[in-house]
Amino acid sequence: MSLLYYVFGLFVAGPVIEWGIHYAIHRPPPLVYHKNHHLAYYKKDPIYEIWVIPVIYFLYLLGCYIAALGFAKYTVVHNLIHYFPGLFPKLTRHHEIHHENPKVNFAVSATFPDTFFNTRSKYFPSELKKI
Ligand SMILES: [Zn+2]
Ligand SMILES: [Zn+2]
């Protein structure tokens, strides 16, 4: 496969799929596992995402390498955002806004899907109250 295929898959299609899955799990009924992650944010004790490990392995076994890489990229970025918030300040802010307002900012490893689907907020709920 060409480099362009992987670049497009990881940095364009991947974040859009990530947005879609995250958006879908916020539709009712709420996914308990994800709800727990949202609640853990307030305890400053985010949960390591281990559910993706069998998913990545399964995709790898199926030969869907680009999807396996996409899931791995999402997981690494998501965990880095929570454990090392200074590493990607723009993505950290984008995702922390989502934790405080689950109706916006569904993309995690990029911000453009939220801009594209008009679900982006650049402000925390507390900042919006001051405007
Ligand atoms: Zn999170
Ligand atoms: Zn969420």
# chains A, B, ... in the order shown; residues from 1 in each chain; ligands from 1
>>> residues_near_ligand(ligand="ligand 1", cutoff="7 Å", atoms="only C-alpha atoms and all ligand atoms", output="ChimeraX atom specification")
/A:37-38,78,82,95,99
>>> residues_near_ligand(ligand="ligand 2", cutoff="7 Å", atoms="only C-alpha atoms and all ligand atoms", output="PyMOL selection string")
chain A and resi 22+26+34+38+98-99+102+106
>>> write_last_selection(atoms="N, CA and C atoms", output="mmCIF file, in the first residue's frame")
data_model
loop_
_atom_site.group_PDB
_atom_site.id
_atom_site.type_symbol
_atom_site.label_atom_id
_atom_site.label_comp_id
_atom_site.auth_asym_id
_atom_site.auth_seq_id
_atom_site.Cartn_x
_atom_site.Cartn_y
_atom_site.Cartn_z
ATOM 1 N N HIS A 22 -17.791 7.663 18.371
ATOM 2 C CA HIS A 22 -17.968 8.390 19.639
ATOM 3 C C HIS A 22 -19.335 9.085 19.676
ATOM 4 N N HIS A 26 -22.791 8.130 22.249
ATOM 5 C CA HIS A 26 -23.422 9.147 23.102
ATOM 6 C C HIS A 26 -24.926 9.231 22.862
ATOM 7 N N HIS A 34 -18.423 3.900 28.677
ATOM 8 C CA HIS A 34 -18.023 5.247 28.292
ATOM 9 C C HIS A 34 -18.467 6.272 29.329
ATOM 10 N N HIS A 38 -16.293 9.127 31.419
ATOM 11 C CA HIS A 38 -16.652 10.537 31.587
ATOM 12 C C HIS A 38 -16.647 10.917 33.061
ATOM 13 N N HIS A 98 -15.194 18.271 25.793
ATOM 14 C CA HIS A 98 -16.161 17.184 25.573
ATOM 15 C C HIS A 98 -16.557 16.523 26.897
ATOM 16 N N HIS A 99 -15.594 16.329 27.791
ATOM 17 C CA HIS A 99 -15.900 15.700 29.082
ATOM 18 C C HIS A 99 -16.862 16.561 29.891
ATOM 19 N N PRO A 102 -20.796 16.830 26.946
ATOM 20 C CA PRO A 102 -20.774 15.653 26.057
ATOM 21 C C PRO A 102 -21.559 15.817 24.750
ATOM 22 N N PHE A 106 -16.568 15.413 19.570
ATOM 23 C CA PHE A 106 -16.528 13.943 19.603
ATOM 24 C C PHE A 106 -15.218 13.377 19.063
#
>>> residues_around(residues="segment 6-10 of chain A", least_positions_apart="6", cutoff="12 Å", atoms="only C-alpha atoms", output="ChimeraX atom specification")
/A:16-18,64-74,109-110
>>> residues_around(residues="Tyr123 of chain A", least_positions_apart="3", cutoff="12 Å", atoms="only C-alpha atoms", output="JSON, numbers by chain")
{"A": [90, 93, 94, 95, 96, 97, 98, 99, 100, 101, 104, 105, 120, 126, 127, 128, 129, 130, 131]}
>>> write_last_selection(atoms="N, CA and C atoms", output="compact mmCIF listing (two decimals), in the first residue's frame")
# COMPACT_ATOMS: atom_id res chain seq x y z
N LYS A 90 -3.81 21.59 22.46
CA LYS A 90 -5.01 21.90 21.67
C LYS A 90 -5.99 20.72 21.73
N ARG A 93 -7.46 20.34 25.36
CA ARG A 93 -8.56 21.29 25.61
C ARG A 93 -9.83 20.83 24.87
N HIS A 94 -9.67 20.44 23.61
CA HIS A 94 -10.80 19.98 22.79
C HIS A 94 -11.52 18.82 23.49
N HIS A 95 -10.74 17.86 23.99
CA HIS A 95 -11.34 16.67 24.61
C HIS A 95 -11.87 16.96 26.01
N GLU A 96 -11.21 17.79 26.77
CA GLU A 96 -11.70 18.12 28.12
C GLU A 96 -13.01 18.89 28.04
N ILE A 97 -13.16 19.70 27.00
CA ILE A 97 -14.44 20.39 26.78
C ILE A 97 -15.53 19.34 26.55
N HIS A 98 -15.19 18.27 25.79
CA HIS A 98 -16.16 17.18 25.57
C HIS A 98 -16.56 16.52 26.90
N HIS A 99 -15.59 16.33 27.79
CA HIS A 99 -15.90 15.70 29.08
C HIS A 99 -16.86 16.56 29.89
N GLU A 100 -16.77 17.87 29.74
CA GLU A 100 -17.66 18.75 30.51
C GLU A 100 -18.96 19.05 29.76
N ASN A 101 -18.91 18.91 28.44
CA ASN A 101 -20.13 19.10 27.64
C ASN A 101 -20.18 17.99 26.59
N VAL A 104 -20.67 18.04 22.48
CA VAL A 104 -19.73 18.61 21.50
C VAL A 104 -18.40 17.87 21.52
N ASN A 105 -17.57 18.12 20.49
CA ASN A 105 -16.18 17.65 20.42
C ASN A 105 -16.03 16.12 20.55
N ARG A 120 -18.42 21.30 17.01
CA ARG A 120 -17.23 21.78 17.73
C ARG A 120 -17.58 22.93 18.67
N SER A 126 -18.16 26.58 31.58
CA SER A 126 -17.94 27.68 32.54
C SER A 126 -17.53 28.96 31.82
N GLU A 127 -16.79 28.83 30.69
CA GLU A 127 -16.37 30.00 29.93
C GLU A 127 -17.56 30.60 29.17
N LEU A 128 -18.46 29.73 28.71
CA LEU A 128 -19.62 30.21 27.96
C LEU A 128 -20.54 31.05 28.84
N LYS A 129 -20.58 30.71 30.12
CA LYS A 129 -21.44 31.47 31.05
C LYS A 129 -20.96 32.91 31.20
N LYS A 130 -19.66 33.12 31.03
CA LYS A 130 -19.10 34.46 31.22
C LYS A 130 -19.30 35.35 30.00
N ILE A 131 -19.58 34.71 28.85
CA ILE A 131 -19.73 35.51 27.61
C ILE A 131 -21.06 36.23 27.61
>>> select_by_dssp(residues="chain A", states="helix (DSSP H, G or I)", output="PyMOL selection string")
chain A and resi 3-25+32-42+52-61+65-83+89-100+112-116+125-130
>>> atom_distance(atom1="atom CA of Gly86 of chain A", atom2="atom CA of Trp51 of chain A")
25.0 Å
>>> atom_distance(atom1="atom CA of Thr75 of chain A", atom2="atom CA of Arg27 of chain A")
21.1 Å
>>> closest_residue(among="A:Phe116, A:Phe84, A:Lys103, A:Tyr57", to="Ala24 of chain A", atoms="only C-alpha atoms")
A:Lys103
>>> atom_distance(atom1="atom CA of Phe58 of chain A", atom2="atom CA of Phe112 of chain A")
28.1 Å
